[in-house]
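A.B. asks: Input structure: coords29.cif, which contains mmCIF, C-alpha atoms.
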data_structure
#
loop_
_atom_site.label_atom_id
_atom_site.label_comp_id
_atom_site.auth_asym_id
_atom_site.auth_seq_id
_atom_site.Cartn_x
_atom_site.Cartn_y
_atom_site.Cartn_z
CA MET A 1 2.98 9.63 3.74
CA THR A 2 2.01 10.08 0.18
CA ASP A 3 -1.00 7.85 0.26
CA ALA A 4 -4.28 9.70 0.51
CA THR A 5 -5.75 7.45 3.17
CA ALA A 6 -2.79 7.82 5.50
CA THR A 7 -2.94 11.56 5.82
CA PRO A 8 -6.01 12.70 7.71
CA PRO A 9 -8.54 14.48 5.53
CA PRO A 10 -8.58 18.28 5.96
CA THR A 11 -10.35 19.20 9.16
CA VAL A 12 -13.15 21.73 9.28
CA ALA A 13 -11.70 24.95 10.61
CA PRO A 14 -14.56 27.42 11.01
CA LEU A 15 -12.52 30.60 11.26
CA ASP A 16 -9.89 29.83 8.66
CA PRO A 17 -9.45 33.07 6.70
CA ARG A 18 -7.98 31.34 3.66
CA PRO A 19 -10.48 30.21 1.07
CA ARG A 20 -10.49 26.45 0.66
CA ILE A 21 -9.96 25.26 -2.86
CA ASP A 22 -11.49 21.91 -3.59
CA VAL A 23 -10.64 21.75 -7.25
CA ARG A 24 -8.15 18.99 -7.84
CA THR A 25 -5.34 19.79 -10.22
CA PRO A 26 -2.85 17.13 -11.13
CA VAL A 27 0.06 17.23 -8.74
CA PHE A 28 3.24 15.92 -10.18
CA GLU A 29 5.25 14.07 -7.64
CA GLY A 30 8.53 14.30 -9.45
CA PRO A 31 10.20 15.63 -12.59
CA MET A 32 9.85 12.33 -14.44
CA GLU A 33 6.11 12.28 -13.96
CA LEU A 34 5.82 15.87 -15.17
CA LEU A 35 8.02 15.23 -18.18
CA LEU A 36 6.01 12.18 -19.18
CA ALA A 37 2.72 14.03 -18.79
CA LEU A 38 4.03 16.89 -20.94
CA CYS A 39 5.17 14.59 -23.71
CA GLU A 40 1.74 12.97 -23.73
CA ARG A 41 -0.02 16.32 -23.72
CA GLU A 42 2.12 17.71 -26.52
CA GLU A 43 1.82 14.40 -28.31
CA LEU A 44 5.55 14.19 -28.67
CA ASP A 45 7.22 10.92 -29.35
CA LEU A 46 10.35 11.31 -27.32
CA PHE A 47 12.09 8.74 -29.42
CA GLU A 48 11.55 10.81 -32.54
CA VAL A 49 12.27 14.30 -31.29
CA SER A 50 14.73 15.79 -28.89
CA LEU A 51 13.93 16.24 -25.24
CA SER A 52 14.74 19.91 -25.69
CA SER A 53 11.42 20.34 -27.50
CA VAL A 54 9.53 20.04 -24.23
CA THR A 55 11.76 22.54 -22.45
CA ASP A 56 9.41 25.48 -22.84
CA ALA A 57 6.39 23.54 -21.69
CA TYR A 58 8.37 22.20 -18.77
CA LEU A 59 9.47 25.68 -17.70
CA ALA A 60 5.91 27.00 -18.04
CA GLU A 61 4.60 24.22 -15.78
CA LEU A 62 7.33 24.91 -13.28
CA ALA A 63 6.49 28.61 -13.17
CA GLY A 64 2.84 27.81 -12.52
CA MET A 65 3.52 25.39 -9.69
CA GLU A 66 2.41 26.09 -6.18
CA HIS A 67 5.39 26.52 -3.93
CA ARG A 68 6.41 23.22 -2.46
CA ASP A 69 9.10 21.78 -0.33
CA PRO A 70 12.57 22.97 -1.44
CA MET A 71 14.02 19.47 -1.70
CA GLN A 72 11.35 18.48 -4.17
CA MET A 73 11.63 21.75 -6.00
CA ALA A 74 15.37 21.19 -6.39
CA GLU A 75 14.68 17.99 -8.34
CA PHE A 76 12.38 19.85 -10.72
CA LEU A 77 14.87 22.68 -11.15
CA TRP A 78 17.78 20.35 -11.76
CA LEU A 79 15.96 18.80 -14.67
CA ALA A 80 14.97 22.26 -15.92
CA SER A 81 18.60 23.37 -16.02
CA ARG A 82 19.64 20.24 -17.91
CA LEU A 83 16.83 20.75 -20.41
CA LEU A 84 17.85 24.38 -20.97
CA LEU A 85 21.45 23.44 -21.54
CA LEU A 86 20.37 20.73 -23.93
CA LYS A 87 18.20 23.15 -25.81
CA SER A 88 21.03 25.65 -26.12
CA ILE A 89 23.25 22.98 -27.63
CA ARG A 90 20.51 22.02 -30.09
CA LEU A 91 20.04 25.65 -31.11
CA LEU A 92 23.66 25.92 -32.17
CA PRO A 93 24.18 22.92 -34.41
CA GLY A 94 27.25 22.21 -36.45
CA GLU A 95 29.80 22.62 -33.71
CA GLU A 96 31.79 19.73 -32.39
CA PRO A 97 30.28 18.88 -29.01
CA GLU A 98 32.58 19.61 -26.13
CA PRO A 99 33.06 16.79 -23.61
CA GLU A 100 30.50 18.30 -21.27
CA GLU A 101 28.01 18.59 -24.11
CA ALA A 102 28.69 15.07 -25.25
CA GLU A 103 27.91 13.93 -21.74
CA LEU A 104 24.64 15.83 -21.87
CA LEU A 105 23.67 14.12 -25.12
CA GLY A 106 24.33 10.82 -23.41
CA TRP A 107 22.16 12.01 -20.55
CA GLU A 108 19.33 12.60 -22.97
CA GLU A 109 19.46 8.99 -24.06
CA ASP A 110 19.43 7.97 -20.43
CA VAL A 111 16.38 10.10 -19.67
CA ARG A 112 14.56 8.65 -22.67
CA ARG A 113 15.27 5.16 -21.49
CA ARG A 114 14.05 6.01 -18.02
CA LEU A 115 10.93 7.73 -19.32
CA GLN A 116 10.15 4.69 -21.39
CA GLU A 117 10.57 2.43 -18.39
CA TYR A 118 8.54 4.73 -16.17
CA ARG A 119 5.71 4.88 -18.69
CA GLN A 120 5.54 1.09 -18.75
CA TYR A 121 5.15 0.89 -15.00
CA LYS A 122 2.58 3.64 -15.02
CA GLU A 123 0.56 1.55 -17.47
CA VAL A 124 0.86 -1.51 -15.28
CA ALA A 125 -0.17 0.60 -12.30
CA GLU A 126 -3.29 1.65 -14.15
CA ALA A 127 -4.03 -1.98 -14.98
CA LEU A 128 -3.69 -2.89 -11.30
CA MET A 129 -5.94 0.01 -10.36
CA ALA A 130 -8.55 -1.15 -12.85
CA ARG A 131 -8.33 -4.68 -11.47
CA ARG A 132 -8.90 -3.37 -7.97
CA ASP A 133 -12.01 -1.55 -9.15
CA GLU A 134 -13.46 -4.73 -10.60
CA ASP A 135 -14.31 -6.13 -7.18
CA GLN A 136 -12.16 -9.22 -7.59
CA GLU A 137 -10.75 -9.78 -4.17
CA CYS A 138 -9.99 -13.30 -2.98
CA TYR A 139 -11.17 -14.04 0.52
CA PRO A 140 -9.08 -16.41 2.63
CA ALA A 141 -10.33 -18.21 5.73
CA PRO A 142 -11.06 -15.69 8.46
CA ALA A 143 -8.59 -15.01 11.21
CA ARG A 144 -9.51 -16.49 14.57
CA GLU A 145 -9.93 -14.45 17.67
CA ILE A 146 -6.68 -13.13 18.99
CA ALA A 147 -6.57 -12.47 22.70
CA VAL A 148 -3.59 -10.47 23.81
CA GLU A 149 -2.91 -12.46 26.89
CA GLY A 150 -0.25 -14.95 27.79
CA GLN A 151 1.46 -14.96 24.45
CA GLU A 152 1.26 -11.28 23.76
CA GLU A 153 1.74 -9.93 20.31
CA ALA A 154 3.75 -6.80 19.81
CA LEU A 155 1.41 -3.86 19.51
CA GLN A 156 1.46 -2.32 16.05
CA MET A 157 1.76 1.30 17.04
CA ASP A 158 1.40 2.71 13.52
CA ALA A 159 -1.83 0.85 12.92
CA LEU A 160 -3.17 1.99 16.27
CA VAL A 161 -2.36 5.62 15.52
CA ILE A 162 -4.02 5.45 12.10
CA ALA A 163 -7.11 3.90 13.67
CA PHE A 164 -7.13 6.66 16.29
CA GLN A 165 -6.83 9.36 13.64
CA SER A 166 -9.87 8.02 11.83
CA LEU A 167 -11.80 8.12 15.10
CA LEU A 168 -10.71 11.71 15.64
CA GLN A 169 -12.27 12.67 12.34
CA ARG A 170 -15.63 11.72 13.77
CA LEU A 171 -15.40 14.30 16.55
CA PRO A 172 -16.03 18.02 16.06
CA PRO A 173 -13.17 20.43 16.65
CA ARG A 174 -13.71 22.62 19.68
CA PRO A 175 -15.53 25.87 18.75
CA LEU A 176 -13.30 28.84 19.35
CA VAL A 177 -15.56 30.84 21.67
CA TYR A 178 -16.47 27.88 23.77
CA VAL A 179 -14.77 27.56 27.11
CA GLY A 180 -14.56 23.81 27.36
CA ARG A 181 -13.50 21.65 30.20
CA SER A 182 -9.87 20.75 29.93
CA TRP A 183 -8.80 17.36 31.03
CA THR A 184 -5.55 16.18 32.49
CA MET A 185 -4.30 12.70 31.87
CA GLU A 186 -4.60 11.90 35.58
CA GLU A 187 -8.29 12.79 35.50
CA LYS A 188 -8.83 10.66 32.45
CA LEU A 189 -6.95 7.80 34.06
CA HIS A 190 -9.47 7.92 36.90
CA VAL A 191 -12.36 7.96 34.45
CA LEU A 192 -10.97 4.93 32.64
CA GLU A 193 -10.32 3.15 35.94
CA ASP A 194 -13.93 3.77 36.95
CA ARG A 195 -15.08 2.30 33.68
CA LEU A 196 -12.85 -0.71 34.18
CA ASN A 197 -14.38 -1.31 37.61
CA ARG A 198 -17.73 -1.58 35.90
CA GLY A 199 -16.39 -4.13 33.45
CA ARG A 200 -14.71 -4.13 30.07
CA PHE A 201 -15.27 -1.26 27.67
CA ASP A 202 -15.07 -0.65 23.94
CA LEU A 203 -12.10 1.62 23.25
CA ALA A 204 -13.73 3.41 20.32
CA GLU A 205 -16.87 4.10 22.33
CA VAL A 206 -14.92 5.67 25.18
CA ILE A 207 -12.91 7.82 22.78
CA LEU A 208 -16.01 8.91 20.86
CA ASP A 209 -17.57 9.91 24.19
CA SER A 210 -15.31 12.97 24.10
CA GLU A 211 -16.71 16.42 23.57
CA ASP A 212 -13.89 17.47 21.33
CA ARG A 213 -10.67 16.21 19.84
CA LEU A 214 -8.46 17.44 22.64
CA GLU A 215 -10.41 15.37 25.11
CA ALA A 216 -10.20 12.38 22.78
CA VAL A 217 -6.43 12.73 22.62
CA VAL A 218 -6.16 12.87 26.41
CA THR A 219 -8.36 9.78 26.68
CA PHE A 220 -6.22 7.94 24.16
CA VAL A 221 -3.01 8.89 25.94
CA ALA A 222 -4.52 7.76 29.24
CA PHE A 223 -5.39 4.44 27.61
CA LEU A 224 -1.79 4.10 26.38
CA GLU A 225 -0.62 4.83 29.91
CA LEU A 226 -2.81 1.98 31.23
CA LEU A 227 -1.25 -0.29 28.64
CA ARG A 228 2.21 0.83 29.65
CA ARG A 229 1.45 0.20 33.31
CA ASN A 230 0.32 -3.27 32.32
CA ARG A 231 -3.04 -2.61 33.95
CA VAL A 232 -5.24 -3.72 31.08
CA ILE A 233 -5.70 -6.56 28.65
CA VAL A 234 -6.81 -5.74 25.14
CA HIS A 235 -8.94 -8.05 22.99
CA GLN A 236 -10.02 -7.69 19.42
CA PRO A 237 -12.31 -10.67 18.75
CA THR A 238 -12.79 -9.95 15.06
CA ARG A 239 -10.55 -8.28 12.59
CA TYR A 240 -11.50 -4.59 12.38
CA GLY A 241 -14.03 -5.22 15.16
CA GLU A 242 -14.35 -3.62 18.57
CA ILE A 243 -11.27 -3.32 20.71
CA TRP A 244 -12.24 -4.40 24.22
CA VAL A 245 -10.24 -3.09 27.14
CA GLU A 246 -10.42 -5.11 30.31
CA GLU A 247 -8.75 -4.93 33.69
CA ARG A 248 -5.85 -7.31 34.05
CA ALA A 249 -6.34 -9.64 36.98
CA ALA A 250 -3.79 -8.77 39.66
CA MET B 1 0.71 -41.14 4.12
CA SER B 2 -0.43 -44.13 2.17
CA GLY B 3 -0.55 -42.64 -1.30
CA PRO B 4 -0.43 -39.45 -3.31
CA GLU B 5 -4.22 -39.17 -3.33
CA SER B 6 -4.53 -39.04 0.39
CA LEU B 7 -1.63 -36.57 0.59
CA CYS B 8 -3.56 -34.25 -1.69
CA MET B 9 -6.58 -34.54 0.59
CA ALA B 10 -4.50 -34.08 3.71
CA LEU B 11 -3.09 -30.88 2.27
CA GLU B 12 -6.57 -29.65 1.43
CA ALA B 13 -7.76 -30.39 4.97
CA ILE B 14 -4.82 -28.57 6.53
CA LEU B 15 -5.15 -25.55 4.27
CA PHE B 16 -8.92 -25.44 4.72
CA SER B 17 -8.67 -25.32 8.50
CA SER B 18 -5.75 -22.91 8.64
CA ASN B 19 -6.50 -19.25 9.21
CA ARG B 20 -3.21 -18.10 7.71
CA PRO B 21 -1.08 -18.99 4.69
CA LEU B 22 1.21 -21.94 5.35
CA GLN B 23 4.78 -22.56 4.29
CA VAL B 24 5.51 -25.58 2.11
CA ARG B 25 7.89 -26.58 4.91
CA GLU B 26 5.06 -26.63 7.42
CA LEU B 27 3.03 -28.86 5.11
CA GLN B 28 5.99 -31.20 4.78
CA ARG B 29 6.27 -31.50 8.56
CA ALA B 30 2.54 -31.98 9.04
CA THR B 31 2.36 -34.76 6.47
CA ASP B 32 5.79 -36.35 6.96
CA SER B 33 6.51 -35.86 3.28
CA ASP B 34 9.44 -34.49 1.35
CA ARG B 35 9.25 -31.30 -0.62
CA ALA B 36 8.76 -32.96 -3.99
CA ALA B 37 5.82 -34.97 -2.69
CA VAL B 38 4.15 -31.91 -1.19
CA GLU B 39 4.66 -29.97 -4.41
CA ARG B 40 3.08 -32.82 -6.38
CA GLY B 41 0.23 -32.92 -3.88
CA LEU B 42 -0.29 -29.17 -4.27
CA ASP B 43 -0.33 -29.44 -8.06
CA GLU B 44 -2.91 -32.16 -7.78
CA LEU B 45 -4.98 -30.09 -5.38
CA ARG B 46 -4.83 -27.10 -7.73
CA GLU B 47 -6.19 -29.26 -10.56
CA ALA B 48 -8.82 -30.84 -8.34
CA LEU B 49 -10.06 -27.38 -7.38
CA ALA B 50 -10.55 -26.27 -10.98
CA GLY B 51 -14.20 -25.32 -11.32
CA ARG B 52 -14.63 -25.00 -7.57
CA ALA B 53 -15.32 -21.80 -5.66
CA VAL B 54 -12.09 -22.06 -3.72
CA MET B 55 -8.65 -21.98 -5.26
CA LEU B 56 -5.08 -22.54 -4.21
CA GLN B 57 -3.15 -19.34 -3.88
CA ARG B 58 0.60 -19.50 -4.05
CA HIS B 59 3.11 -16.82 -3.16
CA GLN B 60 6.75 -17.97 -3.13
CA ASP B 61 6.75 -20.74 -0.52
CA LEU B 62 3.41 -19.81 0.98
CA VAL B 63 0.13 -21.50 0.08
CA ASN B 64 -3.39 -20.59 0.99
CA LEU B 65 -6.97 -21.44 0.08
CA ALA B 66 -9.10 -18.47 -0.94
CA THR B 67 -12.32 -17.80 -2.80
CA ARG B 68 -12.07 -17.18 -6.52
CA PRO B 69 -11.95 -13.53 -7.55
CA GLU B 70 -15.02 -13.88 -9.80
CA LEU B 71 -17.07 -14.64 -6.69
CA ALA B 72 -15.96 -11.61 -4.71
CA SER B 73 -19.26 -9.79 -5.05
CA TYR B 74 -21.19 -12.66 -3.43
CA VAL B 75 -18.82 -12.91 -0.51
CA ARG B 76 -18.85 -9.18 -0.08
CA ARG B 77 -22.62 -8.98 -0.13
CA ALA B 78 -23.00 -11.81 2.34
CA LEU B 79 -20.32 -10.87 4.84
CA ARG B 80 -19.70 -7.18 4.23
CA PRO B 81 -15.99 -7.36 4.99
CA GLU B 82 -14.33 -4.05 5.71
CA VAL B 83 -13.34 -2.41 2.47
CA THR B 84 -9.68 -1.52 2.58
CA GLY B 85 -8.92 2.11 1.86
CA ARG B 86 -8.17 3.18 -1.65
CA LEU B 87 -4.58 3.51 -2.74
CA SER B 88 -3.16 6.59 -4.38
CA PRO B 89 -1.81 6.49 -7.95
CA ALA B 90 1.68 6.80 -6.46
CA ALA B 91 1.03 3.70 -4.37
CA TYR B 92 -0.11 1.72 -7.42
CA GLU B 93 2.96 2.87 -9.32
CA THR B 94 5.22 1.66 -6.55
CA LEU B 95 3.25 -1.56 -6.21
CA ALA B 96 3.63 -2.21 -9.94
CA ILE B 97 7.39 -1.72 -9.77
CA VAL B 98 7.73 -3.99 -6.73
CA ALA B 99 5.50 -6.64 -8.31
CA TYR B 100 7.52 -6.94 -11.49
CA GLN B 101 11.00 -6.18 -10.20
CA GLN B 102 10.98 -8.05 -6.92
CA PRO B 103 13.15 -8.39 -4.97
CA VAL B 104 13.82 -4.71 -5.48
CA THR B 105 15.58 -2.00 -3.49
CA ARG B 106 14.14 1.34 -2.50
CA SER B 107 16.72 3.15 -4.62
CA ARG B 108 15.72 1.19 -7.72
CA ILE B 109 12.07 2.11 -7.12
CA GLU B 110 13.06 5.74 -6.74
CA GLU B 111 15.20 5.58 -9.85
CA ILE B 112 12.22 4.46 -11.90
CA ARG B 113 9.73 6.84 -10.32
CA GLY B 114 12.21 9.70 -10.20
CA VAL B 115 10.97 10.72 -6.79
CA ASN B 116 11.49 9.87 -3.13
CA SER B 117 9.30 6.91 -2.26
CA ASP B 118 9.84 6.40 1.48
CA GLY B 119 6.32 7.34 2.47
CA VAL B 120 4.62 5.27 -0.22
CA ILE B 121 6.68 2.20 0.58
CA SER B 122 6.01 2.35 4.31
CA ASN B 123 2.33 2.82 3.63
CA LEU B 124 2.29 -0.28 1.40
CA GLU B 125 4.19 -2.14 4.12
CA LEU B 126 1.65 -1.07 6.70
CA ARG B 127 -1.13 -2.40 4.51
CA ASP B 128 0.78 -5.65 4.15
CA LEU B 129 0.88 -5.35 0.36
CA VAL B 130 4.66 -5.10 0.27
CA ALA B 131 7.20 -6.53 2.68
CA GLU B 132 10.92 -6.65 3.22
CA VAL B 133 12.09 -9.95 1.78
CA GLY B 134 15.81 -9.76 2.44
CA ARG B 135 18.94 -7.68 2.08
CA GLY B 136 20.87 -6.90 -1.07
CA ASP B 137 24.57 -7.64 -1.65
CA SER B 138 25.50 -4.10 -2.63
CA PRO B 139 27.20 -1.77 -0.14
CA GLY B 140 25.04 -0.95 2.85
CA GLN B 141 23.05 -4.14 2.27
CA PRO B 142 19.88 -2.32 1.20
CA ARG B 143 16.50 -3.76 2.07
CA LEU B 144 14.84 -5.75 -0.68
CA TYR B 145 11.10 -5.47 -1.11
CA GLY B 146 8.62 -7.93 -2.55
CA THR B 147 4.86 -8.32 -2.72
CA THR B 148 2.89 -10.38 -0.20
CA MET B 149 0.12 -12.96 -0.13
CA ARG B 150 -2.19 -10.10 0.80
CA PHE B 151 -1.27 -8.45 -2.50
CA LEU B 152 -2.50 -11.53 -4.39
CA GLN B 153 -5.72 -11.52 -2.36
CA VAL B 154 -6.44 -7.86 -2.90
CA MET B 155 -5.68 -8.06 -6.61
CA GLY B 156 -7.54 -11.34 -7.03
CA LEU B 157 -4.63 -13.38 -8.35
CA GLU B 158 -3.77 -17.06 -7.92
CA SER B 159 -0.08 -16.34 -8.16
CA LEU B 160 2.27 -13.66 -9.43
CA GLU B 161 2.31 -15.39 -12.82
CA GLN B 162 -1.22 -14.09 -13.29
CA LEU B 163 -0.16 -10.46 -13.05
CA PRO B 164 -2.06 -8.44 -15.66
CA ALA B 165 0.43 -7.49 -18.35
CA PRO B 166 4.20 -7.59 -18.37
CA PRO B 167 5.77 -4.15 -18.41
CA GLY B 168 6.74 -3.67 -22.01
CA PRO B 169 6.05 -1.33 -24.90
CA GLU B 170 3.13 -3.50 -25.97
CA ALA B 171 1.52 -3.52 -22.51
CA ASP B 172 -2.07 -2.59 -23.13
CA GLY B 173 -3.69 -3.04 -19.75
CA ALA B 174 -5.28 -5.96 -18.01
CA GLN B 175 -8.33 -7.80 -19.18
CA GLY B 176 -9.97 -9.08 -16.04
CA ALA B 177 -11.56 -12.49 -15.92
CA THR B 178 -15.23 -12.54 -16.84
CA ASN B 179 -17.34 -11.77 -13.86
CA LEU B 180 -19.56 -14.67 -12.86
CA ALA B 181 -22.03 -12.28 -11.34
CA GLU B 182 -22.78 -10.89 -14.76
CA GLN B 183 -23.51 -14.19 -16.39
#
Turn the structure described in the file into structure tokens.
C.D. replies:
Amino acid sequence: MTDATATPPPTVAPLDPRPRIDVRTPVFEGPMELLLALCEREELDLFEVSLSSVTDAYLAELAGMEHRDPMQMAEFLWLASRLLLLKSIRLLPGEEPEPEEAELLGWEEDVRRRLQEYRQYKEVAEALMARRDEDQECYPAPAREIAVEGQEEALQMDALVIAFQSLLQRLPPRPLVYVGRSWTMEEKLHVLEDRLNRGRFDLAEVILDSEDRLEAVVTFVAFLELLRRNRVIVHQPTRYGEIWVEERAA
Amino acid sequence: MSGPESLCMALEAILFSSNRPLQVRELQRATDSDRAAVERGLDELREALAGRAVMLQRHQDLVNLATRPELASYVRRALRPEVTGRLSPAAYETLAIVAYQQPVTRSRIEEIRGVNSDGVISNLELRDLVAEVGRGDSPGQPRLYGTTMRFLQVMGLESLEQLPAPPGPEADGAQGATNLAEQ
């Protein structure tokens, strides 16, 4: 996922030999974004001058890019090749454009139109972002307690996994020289069953009880197994509140 | 229903006690009224709520009562609702395109952004800011995306008509409503 909150923040790896660079440089998601940024930086009005005038800047940016996934890179390179071809046509004026060249000139118009459109949406996006920062949310009536019993709602797996990932971030990674206890799912199942015998438990609390992330994962998988076996009922009385796990009456 | 005034009040009572947005259809059933009558009742309710802390939110056929955006800071201070995670610039870009172009296909979004948008779209879907609203007529019947009621709530809008600025060359950013807290 592209969104920053969806990907887990970088974990602390104590023995990572690579230096960690925290400086944020703008990452251009696609060729259009890069092209637009370049035009703004060079203060070029794309409707006045030819696209070919940004070719050099575009190529320089491309050369300085960190290596990225080949599919994405292909999109950047494709635009680079078109720009180069366009520039070569512009450098040799006076000749009748060949059909292929004429097509390329039409392409330039198309790119300008798309850049224009893209810039408009980028502006709107900034306006939306500003609005969000103004603390202007509207609050509807609160959701009532939902008990997953009787009329069961489909479990939103994605949401559950994201919630679990954020819990994982709160646990330390296992130190490398530490010989920790390793857990099997069966063992964790017993632990959870013991807890259930003593009454309901808070899912987050049980997960955070883990000594390291591996243990947390095993606990979570064991919990999923209990769900799958239909052994437990899950309640979340308030939105974003505790998730209570309780033994299902036989 | 004995008259339009009581219909307006009935609608307010239903919306006040509901913990989710309701369809106009549901309001019709609950009040034994036809669509036109419910729409009139809703218009009346919207006017009656002018100057009140609660307003009528409308998204397509869904209606909802919610606090006015200017009052957000009070609600937040009193109840400390969970702050939803921040969105990336890419997510806002996609959200802007969906908001103004809806119903819109994934390929149209990608055409404008010039980049694959699968991940951003599913993230927005997961946050309930964008939802599939139907299927297109073109080959393959592509999914069509639109914004949600949650989008209006998060952005503090009564309806989509209040969206900041239309995408156009003269778009110069949104001027938010004056904040009551500052007065």
A.B. asks: Could you tell me which residues the PyMOL selection byres ((chain A and resi 188-201) around 6) grabs in this file, written as a ChimeraX atom specification?
C.D. replies: /A:185-187,202,219,222,244-247
A.B. asks: Can you list, as a count of residues only, the residues that the PyMOL selection byres ((chain A) within 10 of (chain B)) selects here?
C.D. replies: 51
A.B. asks: Report, in Å to a single decimal, how far apart CA of Phe220 (chain A) and CA of Arg170 (chain A) are.
C.D. replies: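 It comes out at 14.5 Å.
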A.B. asks: For a test of reading the model, state the distance in Å between CA of Leu11 (chain B) and CA of Leu42 (chain B), rounded to one decimal.
C.D. replies: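 Interatomic distance here is 7.3 Å.
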A.B. asks: What gap, in Å, lies between CA of Val221 (chain A) and CA of Asp128 (chain B)?
C.D. replies: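 Atom-to-atom, CA of Val221 (chain A) and CA of Asp128 (chain B) are spaced 26.5 Å apart.
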A.B. asks: Suppose a student applies the PyMOL selection byres ((chain B and resi 130) around 7) to this structure; what residues should they get, written as a PyMOL selection string?
C.D. replies: chain B and resi 124-125+128-129+131+145-148
A.B. asks: Can you rebuild region 70-83 of chain A with N, CA and C atoms and give it as an mmCIF file, keeping the file's coordinate frame?
C.D. replies:
data_model
loop_
_atom_site.group_PDB
_atom_site.id
_atom_site.type_symbol
_atom_site.label_atom_id
_atom_site.label_comp_id
_atom_site.auth_asym_id
_atom_site.auth_seq_id
_atom_site.Cartn_x
_atom_site.Cartn_y
_atom_site.Cartn_z
ATOM 1 N N PRO A 70 11.390 22.618 -0.662
ATOM 2 C CA PRO A 70 12.570 22.970 -1.440
ATOM 3 C C PRO A 70 13.325 21.749 -1.986
ATOM 4 N N MET A 71 13.337 20.666 -1.226
ATOM 5 C CA MET A 71 14.020 19.470 -1.700
ATOM 6 C C MET A 71 13.401 18.968 -2.987
ATOM 7 N N GLN A 72 12.059 18.952 -2.978
ATOM 8 C CA GLN A 72 11.350 18.480 -4.170
ATOM 9 C C GLN A 72 11.560 19.449 -5.321
ATOM 10 N N MET A 73 11.494 20.724 -4.977
ATOM 11 C CA MET A 73 11.630 21.750 -6.000
ATOM 12 C C MET A 73 13.007 21.632 -6.666
ATOM 13 N N ALA A 74 14.010 21.310 -5.869
ATOM 14 C CA ALA A 74 15.370 21.190 -6.390
ATOM 15 C C ALA A 74 15.419 20.149 -7.501
ATOM 16 N N GLU A 75 14.666 19.042 -7.319
ATOM 17 C CA GLU A 75 14.680 17.990 -8.340
ATOM 18 C C GLU A 75 14.092 18.505 -9.652
ATOM 19 N N PHE A 76 13.008 19.288 -9.518
ATOM 20 C CA PHE A 76 12.380 19.850 -10.720
ATOM 21 C C PHE A 76 13.329 20.837 -11.411
ATOM 22 N N LEU A 77 13.993 21.654 -10.586
ATOM 23 C CA LEU A 77 14.870 22.680 -11.150
ATOM 24 C C LEU A 77 16.105 22.074 -11.803
ATOM 25 N N TRP A 78 16.597 21.008 -11.193
ATOM 26 C CA TRP A 78 17.780 20.350 -11.760
ATOM 27 C C TRP A 78 17.478 19.887 -13.186
ATOM 28 N N LEU A 79 16.332 19.267 -13.344
ATOM 29 C CA LEU A 79 15.960 18.800 -14.670
ATOM 30 C C LEU A 79 15.760 19.977 -15.615
ATOM 31 N N ALA A 80 15.190 21.074 -15.092
ATOM 32 C CA ALA A 80 14.970 22.260 -15.920
ATOM 33 C C ALA A 80 16.300 22.785 -16.453
ATOM 34 N N SER A 81 17.313 22.830 -15.586
ATOM 35 C CA SER A 81 18.600 23.370 -16.020
ATOM 36 C C SER A 81 19.244 22.476 -17.076
ATOM 37 N N ARG A 82 19.087 21.164 -16.903
ATOM 38 C CA ARG A 82 19.640 20.240 -17.910
ATOM 39 C C ARG A 82 18.924 20.426 -19.249
ATOM 40 N N LEU A 83 17.606 20.586 -19.172
ATOM 41 C CA LEU A 83 16.830 20.750 -20.410
ATOM 42 C C LEU A 83 17.250 22.032 -21.135
#
